[in-house]
$ cat upload_17.cif   # mmCIF, C-alpha atoms and all ligand atoms
data_structure
loop_
_atom_site.label_atom_id
_atom_site.label_comp_id
_atom_site.auth_asym_id
_atom_site.auth_seq_id
_atom_site.Cartn_x
_atom_site.Cartn_y
_atom_site.Cartn_z
CA MET A 372 164.70 -200.19 77.96
CA SER A 373 162.17 -197.47 78.52
CA GLN A 374 158.53 -198.48 78.97
CA LYS A 375 157.58 -196.72 75.74
CA ASP A 376 159.83 -199.03 73.72
CA LYS A 377 158.32 -202.19 75.15
CA ILE A 378 155.83 -204.04 72.97
CA ILE A 379 153.21 -205.89 75.00
CA ILE A 380 152.62 -209.35 73.58
CA PHE A 381 148.97 -210.36 73.84
CA ASP A 382 148.59 -213.98 72.84
CA THR A 383 145.16 -215.05 71.61
CA THR A 384 145.96 -218.65 70.63
CA LEU A 385 143.39 -219.88 73.15
CA ARG A 386 140.65 -217.55 71.88
CA ASP A 387 141.00 -216.34 68.27
CA GLY A 388 143.44 -219.18 67.54
CA GLU A 389 140.96 -221.69 68.82
CA GLN A 390 138.42 -220.28 66.33
CA SER A 391 140.56 -221.86 63.60
CA PRO A 392 138.58 -224.71 62.00
CA GLY A 393 139.58 -227.93 63.75
CA ALA A 394 141.54 -226.21 66.53
CA SER A 395 139.13 -226.45 69.42
CA MET A 396 140.74 -227.70 72.62
CA ASN A 397 139.46 -229.19 75.85
CA ILE A 398 140.37 -227.75 79.26
CA GLU A 399 143.34 -230.02 79.81
CA GLU A 400 144.77 -229.10 76.40
CA LYS A 401 144.17 -225.40 77.03
CA MET A 402 146.01 -225.70 80.34
CA ARG A 403 149.03 -227.25 78.63
CA ILE A 404 149.14 -224.38 76.16
CA ALA A 405 148.63 -221.82 78.93
CA HIS A 406 151.61 -223.20 80.87
CA GLN A 407 153.73 -223.02 77.72
CA LEU A 408 152.60 -219.42 77.09
CA GLU A 409 153.69 -218.65 80.64
CA ARG A 410 157.12 -220.18 79.91
CA LEU A 411 157.25 -218.04 76.75
CA ASN A 412 156.59 -215.12 79.10
CA VAL A 413 153.88 -213.46 77.04
CA ASP A 414 152.41 -210.42 78.80
CA VAL A 415 148.75 -211.29 78.27
CA ILE A 416 147.04 -214.62 77.61
CA GLU A 417 143.57 -214.30 76.10
CA ALA A 418 142.19 -217.51 77.56
CA GLY A 419 138.79 -217.64 75.88
CA PHE A 420 135.31 -216.21 75.46
CA PRO A 421 133.52 -217.14 78.70
CA ILE A 422 129.94 -216.58 77.48
CA ALA A 423 130.54 -218.77 74.41
CA SER A 424 130.20 -222.11 76.26
CA ASP A 425 130.49 -223.66 79.70
CA GLY A 426 133.74 -225.29 78.58
CA ASP A 427 135.23 -221.94 77.62
CA TYR A 428 134.07 -220.41 80.90
CA GLU A 429 135.68 -223.23 82.90
CA ALA A 430 138.92 -222.99 80.92
CA VAL A 431 139.20 -219.22 81.48
CA LYS A 432 138.44 -219.70 85.17
CA LYS A 433 141.06 -222.44 85.59
CA ILE A 434 143.69 -220.46 83.72
CA ALA A 435 142.88 -217.37 85.84
CA GLN A 436 143.27 -219.51 88.99
CA THR A 437 146.48 -221.23 87.92
CA ILE A 438 148.67 -219.03 85.75
CA LYS A 439 150.54 -216.39 87.71
CA GLY A 440 153.14 -215.06 85.28
CA SER A 441 150.88 -213.33 82.72
CA GLN A 442 147.76 -211.22 82.67
CA ILE A 443 144.66 -213.22 81.74
CA ALA A 444 142.06 -211.78 79.37
CA GLY A 445 138.56 -212.98 78.56
CA LEU A 446 136.51 -211.74 75.60
CA SER A 447 133.00 -210.32 75.84
CA ARG A 448 130.63 -208.61 73.48
CA SER A 449 129.40 -205.20 74.59
CA SER A 450 126.54 -206.59 76.67
CA ASN A 451 126.03 -206.80 80.42
CA MET A 452 125.55 -210.55 80.33
CA ASP A 453 128.84 -211.15 78.51
CA ILE A 454 130.80 -208.77 80.71
CA ASP A 455 129.45 -210.24 83.95
CA ARG A 456 130.19 -213.76 82.79
CA ALA A 457 133.70 -212.78 81.71
CA TRP A 458 134.52 -211.26 85.09
CA ASP A 459 133.00 -214.21 86.91
CA ALA A 460 135.66 -216.39 85.28
CA LEU A 461 138.49 -213.84 85.40
CA GLN A 462 138.10 -212.61 88.99
CA TYR A 463 140.55 -215.27 90.26
CA ALA A 464 143.38 -213.49 88.47
CA GLY A 465 142.73 -210.35 90.58
CA GLU A 466 144.54 -207.34 89.15
CA ARG A 467 145.92 -209.49 86.35
CA GLY A 468 142.42 -210.16 85.01
CA ARG A 469 141.49 -208.20 81.90
CA ILE A 470 138.01 -207.79 80.41
CA HIS A 471 138.27 -207.46 76.65
CA THR A 472 135.04 -206.07 75.27
CA PHE A 473 134.27 -205.32 71.64
CA ILE A 474 131.70 -204.01 69.18
CA ALA A 475 131.90 -203.45 65.43
CA THR A 476 132.24 -199.87 64.19
CA SER A 477 132.33 -200.17 60.37
CA ASP A 478 129.29 -199.19 58.32
CA ILE A 479 129.11 -202.64 56.81
CA HIS A 480 129.01 -204.41 60.21
CA MET A 481 126.69 -201.83 61.81
CA LYS A 482 124.21 -202.08 58.94
CA TYR A 483 124.15 -205.81 58.19
CA LYS A 484 125.25 -207.50 61.40
CA LEU A 485 124.32 -205.25 64.30
CA LYS A 486 121.50 -203.28 62.67
CA MET A 487 122.51 -200.37 64.87
CA SER A 488 123.15 -196.68 64.19
CA GLU A 489 126.46 -194.95 64.94
CA GLN A 490 124.95 -193.40 68.07
CA GLU A 491 123.71 -196.78 69.32
CA VAL A 492 127.12 -198.36 68.78
CA LEU A 493 128.85 -195.48 70.53
CA ASP A 494 126.48 -195.75 73.49
CA ALA A 495 126.89 -199.54 73.70
CA ALA A 496 130.70 -199.24 73.62
CA VAL A 497 130.74 -196.66 76.41
CA ALA A 498 128.22 -198.62 78.50
CA ALA A 499 130.28 -201.81 78.11
CA VAL A 500 133.54 -200.18 79.13
CA THR A 501 131.84 -198.45 82.05
CA ARG A 502 130.42 -201.74 83.30
CA ALA A 503 133.74 -203.59 82.85
CA SER A 504 135.58 -200.79 84.69
CA GLY A 505 133.32 -201.42 87.66
CA TYR A 506 135.02 -204.82 88.00
CA THR A 507 138.62 -204.04 87.09
CA PRO A 508 140.79 -201.15 85.94
CA ASN A 509 142.27 -203.52 83.34
CA VAL A 510 139.83 -203.04 80.43
CA GLU A 511 140.50 -203.44 76.74
CA PHE A 512 138.10 -202.20 74.08
CA SER A 513 138.20 -203.41 70.47
CA ALA A 514 136.53 -201.60 67.58
CA GLU A 515 135.81 -204.64 65.43
CA ASP A 516 136.49 -204.06 61.72
CA ALA A 517 138.26 -200.81 62.62
CA VAL A 518 140.17 -200.80 59.36
CA ARG A 519 136.94 -200.40 57.36
CA THR A 520 135.50 -197.83 59.77
CA LYS A 521 135.14 -194.15 58.87
CA LEU A 522 138.09 -192.56 60.65
CA PRO A 523 136.26 -189.63 62.31
CA PHE A 524 133.75 -192.10 63.82
CA LEU A 525 136.54 -194.45 64.90
CA ALA A 526 138.31 -191.54 66.60
CA LYS A 527 135.07 -190.53 68.35
CA VAL A 528 134.50 -194.06 69.70
CA ILE A 529 138.10 -194.45 70.86
CA LYS A 530 138.04 -191.09 72.67
CA ALA A 531 134.76 -191.98 74.39
CA VAL A 532 135.86 -195.44 75.57
CA ILE A 533 139.10 -194.04 76.99
CA GLU A 534 137.03 -191.48 78.91
CA ALA A 535 134.88 -194.38 80.15
CA GLY A 536 137.94 -196.23 81.49
CA ALA A 537 139.50 -198.35 78.71
CA THR A 538 143.23 -198.73 79.36
CA THR A 539 143.95 -200.55 76.09
CA VAL A 540 142.28 -199.65 72.78
CA ASN A 541 142.52 -202.22 70.04
CA ILE A 542 142.26 -201.32 66.34
CA PRO A 543 141.70 -204.67 64.61
CA ASP A 544 142.04 -205.52 60.96
CA THR A 545 139.30 -208.08 61.43
CA VAL A 546 139.18 -209.19 57.81
CA GLY A 547 142.88 -208.92 56.91
CA TYR A 548 142.17 -206.16 54.40
CA THR A 549 144.69 -203.44 55.07
CA ILE A 550 148.26 -202.98 53.82
CA PRO A 551 151.19 -201.71 55.91
CA SER A 552 151.25 -198.06 54.73
CA GLU A 553 147.48 -197.70 55.15
CA TYR A 554 147.55 -199.22 58.63
CA TYR A 555 150.44 -196.93 59.58
CA ASP A 556 148.28 -193.99 58.51
CA ILE A 557 145.26 -195.18 60.51
CA ILE A 558 147.28 -195.46 63.73
CA SER A 559 148.92 -192.09 63.03
CA TYR A 560 145.48 -190.53 62.45
CA LEU A 561 144.25 -191.78 65.83
CA LYS A 562 147.38 -190.52 67.57
CA LYS A 563 146.79 -187.11 66.08
CA ASN A 564 143.01 -186.86 66.39
CA VAL A 565 142.15 -188.56 69.69
CA SER A 566 143.05 -186.01 72.34
CA ASN A 567 143.28 -188.53 75.24
CA ILE A 568 145.02 -191.32 73.27
CA ASP A 569 148.10 -191.16 75.50
CA GLN A 570 146.01 -192.39 78.44
CA ALA A 571 145.68 -195.83 76.80
CA ILE A 572 147.89 -198.39 75.09
CA ILE A 573 147.18 -198.71 71.37
CA SER A 574 146.84 -202.34 70.39
CA VAL A 575 146.70 -203.98 66.97
CA HIS A 576 145.12 -207.25 65.95
CA CYS A 577 145.69 -208.37 62.38
CA HIS A 578 144.22 -211.21 60.38
CA ASN A 579 146.19 -212.77 57.58
CA ASP A 580 143.76 -212.96 54.66
CA LEU A 581 146.24 -211.29 52.31
CA GLY A 582 149.32 -212.71 54.04
CA LEU A 583 150.12 -209.30 55.55
CA ALA A 584 149.25 -209.74 59.22
CA VAL A 585 152.84 -209.57 60.51
CA ALA A 586 153.87 -206.75 58.17
CA ASN A 587 150.77 -204.74 59.11
CA SER A 588 151.34 -205.29 62.83
CA LEU A 589 154.93 -204.07 62.58
CA ALA A 590 153.92 -201.01 60.55
CA ALA A 591 151.46 -200.18 63.33
CA VAL A 592 154.24 -200.48 65.90
CA GLN A 593 156.24 -197.96 63.90
CA ALA A 594 153.25 -195.61 64.04
CA GLY A 595 152.92 -195.93 67.82
CA ALA A 596 151.05 -199.15 68.67
CA ARG A 597 152.47 -200.80 71.78
CA GLN A 598 150.49 -204.03 72.02
CA LEU A 599 150.55 -206.80 69.42
CA GLU A 600 147.84 -209.43 69.37
CA CYS A 601 149.04 -212.68 67.89
CA THR A 602 148.89 -216.47 68.00
CA ILE A 603 151.36 -219.34 68.00
CA ASN A 604 151.90 -220.61 64.44
CA GLY A 605 149.58 -217.79 63.30
CA ILE A 606 146.48 -219.95 63.77
CA GLY A 607 143.09 -218.26 63.82
CA GLU A 608 139.91 -217.51 61.89
CA ARG A 609 140.21 -218.14 58.12
CA ALA A 610 143.85 -217.47 57.09
CA GLY A 611 144.79 -216.92 60.71
CA ASN A 612 146.21 -214.15 62.86
CA CYS A 613 149.55 -212.39 63.15
CA SER A 614 152.09 -215.10 63.98
CA LEU A 615 153.72 -214.53 67.37
CA GLU A 616 157.01 -216.16 66.41
CA GLU A 617 157.38 -214.13 63.21
CA ALA A 618 156.54 -210.78 64.81
CA VAL A 619 158.71 -211.37 67.88
CA MET A 620 161.70 -212.68 65.91
CA THR A 621 161.46 -209.76 63.48
CA LEU A 622 161.60 -207.36 66.42
CA ARG A 623 164.58 -209.27 67.84
CA THR A 624 166.44 -209.69 64.54
CA ARG A 625 165.84 -206.18 63.16
CA HIS A 626 166.31 -204.27 66.36
CA ASP A 627 168.47 -201.89 64.32
CA ILE A 628 165.42 -200.40 62.59
CA LEU A 629 162.68 -201.58 64.96
CA PRO A 630 164.15 -200.51 68.31
CA TYR A 631 161.51 -202.17 70.49
CA THR A 632 161.70 -205.00 72.96
CA THR A 633 159.38 -207.80 74.05
CA SER A 634 159.55 -209.93 77.17
CA VAL A 635 159.19 -213.16 75.18
CA VAL A 636 161.69 -215.94 75.97
CA THR A 637 162.30 -216.75 72.31
CA GLU A 638 164.09 -219.99 73.17
CA GLN A 639 160.64 -221.39 74.06
CA ILE A 640 159.20 -220.72 70.58
CA THR A 641 159.88 -224.12 69.01
CA GLN A 642 158.43 -225.90 72.00
CA ALA A 643 155.28 -223.75 71.85
CA SER A 644 154.87 -224.38 68.14
CA LYS A 645 155.29 -228.15 68.48
CA LEU A 646 152.99 -228.41 71.43
CA LEU A 647 150.22 -226.55 69.63
CA SER A 648 150.61 -228.63 66.46
CA THR A 649 150.58 -231.82 68.45
CA ILE A 650 147.49 -230.88 70.42
CA THR A 651 145.45 -229.51 67.50
CA GLY A 652 146.79 -231.79 64.76
CA ILE A 653 147.35 -228.66 62.65
CA HIS A 654 150.94 -228.79 61.43
CA VAL A 655 152.83 -225.86 59.92
CA GLN A 656 154.12 -226.08 56.38
CA PRO A 657 157.84 -227.00 56.08
CA ASN A 658 158.81 -223.56 54.75
CA LYS A 659 156.94 -221.64 57.48
CA ALA A 660 159.17 -218.87 58.80
CA ILE A 661 160.82 -219.53 62.19
CA VAL A 662 159.10 -222.84 63.05
CA GLY A 663 158.86 -224.81 59.76
CA THR A 664 161.10 -227.89 59.58
CA ASN A 665 163.07 -226.22 56.75
CA ALA A 666 163.39 -222.82 58.44
CA PHE A 667 167.03 -223.53 59.35
CA ALA A 668 167.83 -226.23 56.78
CA HIS A 669 170.33 -225.55 54.00
CA GLU A 670 170.05 -227.72 50.91
CA ALA A 671 172.04 -226.05 48.15
CA GLY A 672 175.77 -226.84 48.12
CA ILE A 673 176.76 -223.18 47.96
CA HIS A 674 174.61 -222.44 50.99
CA GLN A 675 175.91 -225.44 52.93
CA HIS A 676 179.47 -224.41 52.23
CA GLY A 677 178.78 -220.81 53.28
CA VAL A 678 177.16 -221.89 56.54
CA MET A 679 180.08 -224.20 57.31
CA MET A 680 182.47 -221.27 56.84
CA ASP A 681 180.36 -218.85 58.84
CA LYS A 682 176.73 -219.31 59.82
CA SER A 683 175.89 -215.65 59.29
CA THR A 684 176.31 -216.09 55.52
CA TYR A 685 172.84 -217.59 55.23
CA GLU A 686 171.39 -217.46 58.74
CA ILE A 687 169.96 -214.19 60.00
CA MET A 688 169.17 -215.66 63.41
CA THR A 689 170.44 -218.75 65.18
CA PRO A 690 168.36 -221.90 65.53
CA GLU A 691 169.26 -221.83 69.23
CA SER A 692 167.58 -218.42 69.61
CA VAL A 693 164.22 -220.08 68.87
CA GLY A 694 164.98 -223.13 70.96
CA LEU A 695 166.13 -225.43 68.19
CA ASN A 696 169.30 -227.34 68.95
CA GLN A 697 170.77 -228.70 65.77
CA ASN A 698 173.52 -230.92 67.14
CA LYS A 699 171.90 -234.21 66.36
CA LEU A 700 172.94 -237.67 67.44
CA VAL A 701 171.51 -240.54 65.41
CA LEU A 702 168.83 -242.38 67.33
CA GLY A 703 168.39 -246.12 66.84
CA LYS A 704 167.76 -249.31 68.75
CA HIS A 705 170.97 -248.98 70.74
CA SER A 706 170.14 -245.51 72.00
CA GLY A 707 169.39 -245.09 75.66
CA ARG A 708 166.71 -243.27 77.56
CA HIS A 709 168.93 -240.25 78.17
CA ALA A 710 169.64 -239.58 74.47
CA PHE A 711 165.99 -240.19 73.67
CA ILE A 712 164.67 -237.68 76.23
CA ASP A 713 167.35 -235.23 75.25
CA ARG A 714 166.18 -235.34 71.64
CA LEU A 715 162.55 -234.90 72.69
CA ASN A 716 163.60 -231.80 74.61
CA GLN A 717 165.52 -230.49 71.60
CA LEU A 718 162.39 -230.98 69.54
CA GLY A 719 160.52 -228.83 71.97
CA TYR A 720 158.70 -231.47 74.04
CA SER A 721 158.74 -231.30 77.77
CA LEU A 722 156.91 -234.35 79.02
CA SER A 723 156.18 -235.72 82.47
CA PRO A 724 158.27 -238.76 83.63
CA GLU A 725 155.30 -241.07 82.91
CA GLU A 726 154.84 -239.62 79.42
CA ASN A 727 158.56 -239.96 78.71
CA GLN A 728 158.37 -243.60 79.78
CA LYS A 729 155.40 -244.35 77.51
CA ALA A 730 157.10 -242.64 74.59
CA PHE A 731 160.38 -244.48 75.28
CA VAL A 732 158.72 -247.90 75.21
CA ARG A 733 157.09 -247.05 71.87
CA PHE A 734 160.41 -245.73 70.54
CA LYS A 735 162.18 -249.01 71.36
CA THR A 736 159.50 -251.02 69.56
CA LEU A 737 159.85 -248.83 66.49
CA ALA A 738 163.65 -248.88 66.64
CA ASP A 739 163.58 -252.67 66.42
CA MET A 740 161.78 -252.33 63.07
CA LYS A 741 163.64 -249.35 61.58
CA LYS A 742 167.32 -248.58 61.09
CA GLU A 743 167.12 -244.95 62.06
CA ILE A 744 164.50 -242.97 63.91
CA PHE A 745 163.82 -239.54 62.44
CA ASP A 746 162.42 -236.48 64.16
CA GLU A 747 159.11 -237.02 62.35
CA ASP A 748 158.90 -240.48 63.96
CA LEU A 749 159.35 -238.89 67.36
CA ASP A 750 156.67 -236.29 66.59
CA ALA A 751 154.31 -239.13 65.66
CA ILE A 752 155.16 -241.11 68.81
CA VAL A 753 154.44 -238.14 71.04
CA ALA A 754 151.24 -237.30 69.18
CA ASP A 755 149.98 -240.88 69.30
CA GLU A 756 151.25 -242.26 72.50
CA VAL A 757 151.28 -239.29 74.83
CA LEU A 758 148.84 -236.69 73.59
CA ARG A 759 146.54 -239.12 71.79
CA VAL A 760 145.68 -236.79 68.90
O1 LIG B 1 139.30 -209.93 64.62
C1 LIG B 1 138.74 -209.26 65.48
O2 LIG B 1 138.27 -208.13 65.25
C2 LIG B 1 138.61 -209.84 66.81
C3 LIG B 1 138.11 -208.94 67.88
C4 LIG B 1 137.14 -209.61 68.78
C5 LIG B 1 139.27 -208.36 68.62
O3 LIG B 1 138.99 -210.97 67.02
ZN ZN B 2 140.38 -211.62 65.41
#

$ encode --input "upload_17.cif" --output "structure tokens" --more "lines below"
Ligand code: KIV
Ligand code: ZN
Amino acid sequence: MSQKDKIIIFDTTLRDGEQSPGASMNIEEKMRIAHQLERLNVDVIEAGFPIASDGDYEAVKKIAQTIKGSQIAGLSRSSNMDIDRAWDALQYAGERGRIHTFIATSDIHMKYKLKMSEQEVLDAAVAAVTRASGYTPNVEFSAEDAVRTKLPFLAKVIKAVIEAGATTVNIPDTVGYTIPSEYYDIISYLKKNVSNIDQAIISVHCHNDLGLAVANSLAAVQAGARQLECTINGIGERAGNCSLEEAVMTLRTRHDILPYTTSVVTEQITQASKLLSTITGIHVQPNKAIVGTNAFAHEAGIHQHGVMMDKSTYEIMTPESVGLNQNKLVLGKHSGRHAFIDRLNQLGYSLSPEENQKAFVRFKTLADMKKEIFDEDLDAIVADEVLRV
């Protein structure tokens, strides 16, 4: 694989994902997710927004101190105070620490939110990137609401921040407004009209207001973007962000027409999805692609028959490739600890010995009252007994 075919996976579950109503997490919960993101082998973990609160600062700091397998990013507005605070938390990651600074560039945001002129925004963006570059060479700049920005101005800002030291330039669809062909054209425009664009990685960050976040992200990849910003289960502001599992599995499954690679260990996807749902209490709908409980279930007789003859008739990817093992033994009151823990692992849980013990005791109590224990019962036991959500 050549470097230019590699898509950098930038996971923002702990930052934009956490902005999902009801998804805020404490430090211990963020650490659990961060460890799972490391097992998934994402390239960059956006751990939080250090200026936003002391809790967020501490979480970013702890993740920067602990996680060694991924780069760690922290968000900051384009102000000295934000940037200094971000680096204060990120410094422990050394060269793997990334300052992610942003400012809005669309007329609508500049006029109503920032009350700044184009020149003021341009100056603030350059000043922010210059200050961040004084701390680390690993600087990402985001032009918030890029999709609704006048393209010549967007190109001017992107060129200037690359000159100032940005090594990743992010072109967000902040409000989930674009469609794939339009987004393809925006990325193509920047490739053509920003003379130094090859000195930075083009990143995309899509929200899902029209249900197009994954499709838009992949269109941008086809136009030359090489970093995808996404979240587990697609959680995030409003309708959420580009779903990591959908984007990554599309790249893996349709490698024939999307010849790009990621470093994600896809077999860890189910575990990541379950862990996040359990911690936040936000469960995915049964028909959610890749991680919904029905994603690999076949109900219709014709489909069941086809799959029994040859799985490829109705399955375009294997359940095992996302970490779902479908060979199920029935669990009941006669089942032992080994089968129980095995099933928890198949469901994506990896618990400590003490947590397994607590869950096992609860399982035995339930098994005395019920003939058969279903996966949903196990999800509830883990949620209740172990994670206390
Ligand atoms: O949606 C957005 O524009 C963002 C930026 C801060 C990258 O989350
Ligand atoms: Zn966002």

$ closest_residue --input "upload_17.cif" --among "A:Ala460, A:Val575, A:Ala405, A:Val540" --to "ligand ZN 2 (chain B)" --atoms "all atoms listed in the file"
A:Val575

$ closest_residue --input "upload_17.cif" --among "A:Val592, A:Ile661, A:Val732, A:Ile542" --to "ligand LIG 1 (chain B)" --atoms "all atoms listed in the file"
A:Ile542

$ closest_residue --input "upload_17.cif" --among "A:Glu466, A:Asp376, A:Glu534, A:Asp580" --to "ligand LIG 1 (chain B)" --atoms "only C-alpha atoms and all ligand atoms"
A:Asp580

$ residues_near_ligand --input "upload_17.cif" --ligand "ligand LIG 1 (chain B)" --cutoff "9 Å" --atoms "all atoms listed in the file" --output "count of residues only"
32

$ residues_around --input "upload_17.cif" --residues "range 388-404 of chain A" --least-positions-apart "3" --cutoff "7 Å" --atoms "only C-alpha atoms" --output "PyMOL selection string"
chain A and resi 383-385+407-408+430+434+602+606-609+647+650-651

$ atom_distance --input "upload_17.cif" --atom1 "CA of Ala464 in chain A" --atom2 "CA of Arg597 in chain A"
22.9 Å

$ atom_distance --input "upload_17.cif" --atom1 "CA of Phe745 in chain A" --atom2 "CA of Ile673 in chain A"
25.4 Å

$ residues_around --input "upload_17.cif" --residues "Ala526 in chain A" --least-positions-apart "6" --cutoff "8 Å" --atoms "only C-alpha atoms" --output "compact mmCIF listing (two decimals) with C-alpha atoms, keeping the file's coordinate frame"
# COMPACT_ATOMS: atom_id res chain seq x y z
CA LEU A 561 144.25 -191.78 65.83
CA ASN A 564 143.01 -186.86 66.39
CA VAL A 565 142.15 -188.56 69.69

$ residues_around --input "upload_17.cif" --residues "Lys563 in chain A" --least-positions-apart "2" --cutoff "12 Å" --atoms "all atoms listed in the file" --output "list in words"
Leu522, Pro523, Ala526, Lys530, Asp556, Ile557, Ile558, Ser559, Tyr560, Leu561, Val565, Ser566, Asn567, Ile568, Asp569, Ala594 and Gly595 of chain A

$ closest_residue --input "upload_17.cif" --among "A:Ser424, A:Thr624, A:Ser477, A:Ser644" --to "Ile687 in chain A" --atoms "all atoms listed in the file"
A:Thr624

$ atom_distance --input "upload_17.cif" --atom1 "CA of Ile438 in chain A" --atom2 "CA of Ala418 in chain A"
10.6 Å

$ closest_residue --input "upload_17.cif" --among "A:His654, A:Lys521, A:Lys704, A:Arg623" --to "Glu743 in chain A" --atoms "only C-alpha atoms"
A:Lys704

$ closest_residue --input "upload_17.cif" --among "A:Gly505, A:Ser723, A:Ala610, A:Ser648" --to "ligand ZN 2 (chain B)" --atoms "all atoms listed in the file"
A:Ala610

$ build_atoms --input "upload_17.cif" --residues "range 702-713 of chain A" --atoms "N, CA and C atoms" --output "short mmCIF file (atom, residue, chain, number, x, y, z; two decimals), keeping the file's coordinate frame"
data_model
loop_
_atom_site.label_atom_id
_atom_site.label_comp_id
_atom_site.auth_asym_id
_atom_site.auth_seq_id
_atom_site.Cartn_x
_atom_site.Cartn_y
_atom_site.Cartn_z
N LEU A 702 169.55 -241.52 66.38
CA LEU A 702 168.83 -242.38 67.33
C LEU A 702 168.48 -243.71 66.67
N GLY A 703 168.74 -244.79 67.35
CA GLY A 703 168.39 -246.12 66.84
C GLY A 703 168.16 -247.06 68.00
N LYS A 704 168.17 -248.37 67.69
CA LYS A 704 167.76 -249.31 68.75
C LYS A 704 168.76 -249.40 69.90
N HIS A 705 169.99 -248.92 69.65
CA HIS A 705 170.97 -248.98 70.74
C HIS A 705 170.94 -247.73 71.61
N SER A 706 170.15 -246.77 71.23
CA SER A 706 170.14 -245.51 72.00
C SER A 706 169.46 -245.71 73.35
N GLY A 707 169.95 -244.97 74.31
CA GLY A 707 169.39 -245.09 75.66
C GLY A 707 168.35 -244.03 75.95
N ARG A 708 167.77 -244.17 77.13
CA ARG A 708 166.71 -243.27 77.56
C ARG A 708 167.17 -241.81 77.59
N HIS A 709 168.43 -241.61 78.00
CA HIS A 709 168.93 -240.25 78.17
C HIS A 709 168.96 -239.51 76.82
N ALA A 710 169.55 -240.20 75.81
CA ALA A 710 169.64 -239.58 74.47
C ALA A 710 168.25 -239.35 73.91
N PHE A 711 167.36 -240.29 74.18
CA PHE A 711 165.99 -240.19 73.67
C PHE A 711 165.28 -238.95 74.26
N ILE A 712 165.37 -238.81 75.58
CA ILE A 712 164.67 -237.68 76.23
C ILE A 712 165.32 -236.35 75.83
N ASP A 713 166.62 -236.42 75.69
CA ASP A 713 167.35 -235.23 75.25
C ASP A 713 166.85 -234.74 73.89
#
